[in-house]
Amino acid sequence: MRLDEYVHVLGRRFALRIEGPLPPGRYEVHIWEGRRWPWKRPYLRAPIRGRSPDEARERALDVLYNYVGLDRFRVMAEEIARRVAPGASVEVGEDAREVTVALAGPYALEVPLVVSRSEVLSRGADVIRLRGLVRAHLEAYVKLVSAPPR
């Protein structure tokens, strides 16, 4: 079986190719970002697996929402940092419970920003509230640690 499907995740379009059953009775989902077949590089290096086509698809969507949600948060933090701390690079990290933001380069944060993972990665995340939270934290805790590059 091979099934191709397009999905939209947080405003971005992805193609899912579900294949299987493959030994030992698993289904795999390969993911590409974009609008047309074929793509040169998959969005994820490894396929997402499940015991049925539906389970594999749902797992793939969960993974996509995590990756795209984290990427959206990173881009948001970078946009805000460009205004608040020009020349700083944004470092976004995550663990099982939280997402952290720190700055490197000429600026640093006195206190890193720590946000609950569920606030950032939930399908219904309040982007406006998150943007305000990131902006307020960066404005309150940014400090110059070296001269910015010219």
# chains A, B, ... in the order shown; residues from 1 in each chain; ligands from 1
call {"tool": "residues_around", "arguments": {"residues": "Arg97 in chain A", "least_positions_apart": "4", "cutoff": "9 Å", "atoms": "only C-alpha atoms", "output": "list in words"}}
result
Val115, Ser116, Arg117 and Ser118 of chain A
call {"tool": "write_last_selection", "arguments": {"atoms": "C-alpha atoms", "output": "PDB file, in the first residue's frame"}}
result
ATOM      1  CA  VAL A 115       8.180  28.466  28.827  1.00  0.00           C
ATOM      2  CA  SER A 116       6.113  25.346  29.354  1.00  0.00           C
ATOM      3  CA  ARG A 117       6.453  23.008  26.385  1.00  0.00           C
ATOM      4  CA  SER A 118       2.676  22.662  26.189  1.00  0.00           C
TER       5      SER A 118
END
call {"tool": "select_by_dssp", "arguments": {"residues": "range 24-111 of chain A", "states": "alpha helix (DSSP H)", "output": "PyMOL selection string"}}
result
chain A and resi 53-84
call {"tool": "residues_around", "arguments": {"residues": "Leu44 in chain A", "least_positions_apart": "5", "cutoff": "10 Å", "atoms": "only C-alpha atoms", "output": "CSV table (one decimal) with C-alpha atoms, in the first residue's frame"}}
result
chain,number,residue,atom,x,y,z
A,30,HIS,CA,7.8,9.8,5.0
A,31,ILE,CA,7.4,13.6,5.2
A,32,TRP,CA,8.3,16.4,2.8
A,33,GLU,CA,7.6,20.1,3.0
A,63,VAL,CA,5.8,15.0,15.3
A,64,LEU,CA,5.1,17.7,12.7
A,67,TYR,CA,8.8,20.5,15.0
call {"tool": "residues_around", "arguments": {"residues": "Leu113 in chain A", "least_positions_apart": "2", "cutoff": "10 Å", "atoms": "only C-alpha atoms", "output": "list in words"}}
result
Val92, Glu98, Val99, Thr100, Val101, Ala102, Leu103, Leu109, Glu110, Val111, Val115, Leu133, Val134, His137, Leu138 and Tyr141 of chain A
call {"tool": "write_last_selection", "arguments": {"atoms": "C-alpha atoms", "output": "compact mmCIF listing (two decimals), in the first residue's frame"}}
result
# COMPACT_ATOMS: atom_id res chain seq x y z
CA VAL A 92 16.31 27.72 21.71
CA GLU A 98 9.96 23.20 28.86
CA VAL A 99 11.38 25.30 26.05
CA THR A 100 14.20 27.71 26.91
CA VAL A 101 15.50 30.79 25.11
CA ALA A 102 18.94 32.30 25.67
CA LEU A 103 20.97 34.88 23.77
CA LEU A 109 19.80 37.31 29.16
CA GLU A 110 20.31 37.74 32.89
CA VAL A 111 17.56 35.14 33.32
CA VAL A 115 8.18 28.47 28.83
CA LEU A 133 5.73 37.05 26.81
CA VAL A 134 8.95 36.76 24.77
CA HIS A 137 11.11 38.94 29.00
CA LEU A 138 13.77 40.00 26.51
CA TYR A 141 16.42 40.82 31.14
call {"tool": "select_by_dssp", "arguments": {"residues": "range 34-131 of chain A", "states": "strand (DSSP E or B)", "output": "compact mmCIF listing (two decimals) with N, CA and C atoms, in the first residue's frame"}}
result
# COMPACT_ATOMS: atom_id res chain seq x y z
N ILE A 48 8.36 8.01 10.26
CA ILE A 48 7.58 7.80 11.47
C ILE A 48 6.85 6.48 11.28
N ARG A 49 6.84 5.64 12.31
CA ARG A 49 6.26 4.31 12.17
C ARG A 49 5.04 4.13 13.08
N GLY A 50 4.16 3.21 12.65
CA GLY A 50 3.00 2.85 13.44
C GLY A 50 2.52 1.48 13.06
N SER A 89 22.53 36.23 18.78
CA SER A 89 21.94 35.02 18.21
C SER A 89 21.06 34.38 19.28
N VAL A 90 19.99 33.77 18.83
CA VAL A 90 19.01 33.17 19.73
C VAL A 90 19.28 31.68 19.80
N GLU A 91 19.32 31.17 21.01
CA GLU A 91 19.50 29.73 21.23
C GLU A 91 18.23 29.20 21.90
N VAL A 92 17.53 28.31 21.19
CA VAL A 92 16.31 27.72 21.71
C VAL A 92 16.61 26.25 22.03
N GLY A 93 16.30 25.86 23.25
CA GLY A 93 16.48 24.47 23.67
C GLY A 93 15.17 23.93 24.19
N GLU A 94 15.10 22.62 24.30
CA GLU A 94 13.87 22.01 24.80
C GLU A 94 14.20 20.75 25.56
N GLU A 98 9.89 21.77 29.12
CA GLU A 98 9.96 23.20 28.86
C GLU A 98 10.82 23.53 27.65
N VAL A 99 10.60 24.74 27.15
CA VAL A 99 11.38 25.30 26.05
C VAL A 99 12.11 26.51 26.63
N THR A 100 13.41 26.61 26.37
CA THR A 100 14.20 27.71 26.91
C THR A 100 14.76 28.56 25.78
N VAL A 101 14.90 29.85 26.06
CA VAL A 101 15.50 30.79 25.11
C VAL A 101 16.63 31.51 25.83
N ALA A 102 17.78 31.55 25.17
CA ALA A 102 18.94 32.30 25.67
C ALA A 102 19.51 33.09 24.50
N LEU A 103 20.31 34.09 24.80
CA LEU A 103 20.97 34.88 23.77
C LEU A 103 22.47 34.65 23.85
N ALA A 104 23.13 34.74 22.70
CA ALA A 104 24.58 34.64 22.62
C ALA A 104 25.08 35.79 21.76
N TYR A 107 24.95 40.22 23.32
CA TYR A 107 23.92 40.34 24.36
C TYR A 107 23.70 38.99 25.02
N ALA A 108 23.21 39.05 26.24
CA ALA A 108 22.83 37.84 26.97
C ALA A 108 21.58 38.16 27.78
N LEU A 109 20.93 37.14 28.26
CA LEU A 109 19.80 37.31 29.16
C LEU A 109 20.28 37.05 30.58
N LEU A 113 14.74 32.72 29.36
CA LEU A 113 13.28 32.58 29.24
C LEU A 113 12.95 31.10 29.25
N VAL A 114 12.06 30.69 30.12
CA VAL A 114 11.62 29.30 30.22
C VAL A 114 10.10 29.28 30.09
N VAL A 115 9.62 28.54 29.09
CA VAL A 115 8.18 28.47 28.83
C VAL A 115 7.78 27.00 28.82
N SER A 116 6.63 26.71 29.36
CA SER A 116 6.11 25.35 29.35
C SER A 116 6.03 24.83 27.92
call {"tool": "residues_around", "arguments": {"residues": "range 121-123 of chain A", "least_positions_apart": "2", "cutoff": "8 Å", "atoms": "only C-alpha atoms", "output": "mmCIF file with C-alpha atoms, in the first residue's frame"}}
result
data_model
loop_
_atom_site.group_PDB
_atom_site.id
_atom_site.type_symbol
_atom_site.label_atom_id
_atom_site.label_comp_id
_atom_site.auth_asym_id
_atom_site.auth_seq_id
_atom_site.Cartn_x
_atom_site.Cartn_y
_atom_site.Cartn_z
ATOM 1 C CA LEU A 10 0.459 25.767 11.465
ATOM 2 C CA TYR A 65 3.207 19.857 15.195
ATOM 3 C CA ASN A 66 6.172 19.612 17.582
ATOM 4 C CA GLY A 69 5.645 24.681 16.588
ATOM 5 C CA LEU A 70 9.205 24.817 17.888
ATOM 6 C CA ARG A 117 6.453 23.008 26.385
ATOM 7 C CA SER A 118 2.676 22.662 26.189
ATOM 8 C CA GLU A 119 2.270 26.455 25.842
ATOM 9 C CA ALA A 125 -1.050 27.815 21.167
#
call {"tool": "atom_distance", "arguments": {"atom1": "CA of Arg131 in chain A", "atom2": "CA of Ala77 in chain A"}}
result
7.8 Å
call {"tool": "residues_around", "arguments": {"residues": "Glu5 in chain A", "least_positions_apart": "6", "cutoff": "9 Å", "atoms": "only C-alpha atoms", "output": "ChimeraX atom specification"}}
result
/A:14-18
call {"tool": "atom_distance", "arguments": {"atom1": "CA of Val29 in chain A", "atom2": "CA of Pro47 in chain A"}}
result
5.3 Å
call {"tool": "atom_distance", "arguments": {"atom1": "CA of Glu58 in chain A", "atom2": "CA of Glu28 in chain A"}}
result
11.4 Å
call {"tool": "closest_residue", "arguments": {"among": "A:Met76, A:Lys143, A:Ala96, A:Pro86", "to": "Arg129 in chain A", "atoms": "only C-alpha atoms"}}
result
A:Met76
call {"tool": "closest_residue", "arguments": {"among": "A:Ala140, A:Val68, A:Arg57, A:Ala46", "to": "Pro112 in chain A", "atoms": "only C-alpha atoms"}}
result
A:Ala140
call {"tool": "decode", "arguments": {"residues": "range 55-81 of chain A", "atoms": "C-alpha atoms", "output": "tab-separated table (two decimals), in the first residue's frame"}}
result
chain	number	residue	atom	x	y	z
A	55	GLU	CA	-1.58	5.24	13.86
A	56	ALA	CA	1.46	6.08	11.71
A	57	ARG	CA	-0.33	9.14	10.28
A	58	GLU	CA	-1.35	10.41	13.74
A	59	ARG	CA	2.19	9.95	15.06
A	60	ALA	CA	3.54	11.81	12.03
A	61	LEU	CA	1.14	14.70	12.66
A	62	ASP	CA	2.17	14.85	16.33
A	63	VAL	CA	5.83	15.00	15.31
A	64	LEU	CA	5.09	17.68	12.71
A	65	TYR	CA	3.21	19.86	15.19
A	66	ASN	CA	6.17	19.61	17.58
A	67	TYR	CA	8.81	20.46	14.96
A	68	VAL	CA	6.82	23.21	13.26
A	69	GLY	CA	5.64	24.68	16.59
A	70	LEU	CA	9.21	24.82	17.89
A	71	ASP	CA	10.41	26.35	14.62
A	72	ARG	CA	7.63	28.96	14.75
A	73	PHE	CA	8.63	29.84	18.33
A	74	ARG	CA	12.32	30.10	17.36
A	75	VAL	CA	11.53	32.43	14.44
A	76	MET	CA	9.35	34.56	16.73
A	77	ALA	CA	12.14	34.82	19.32
A	78	GLU	CA	14.67	35.72	16.61
A	79	GLU	CA	12.42	38.49	15.22
A	80	ILE	CA	11.98	40.02	18.68
A	81	ALA	CA	15.69	39.66	19.52
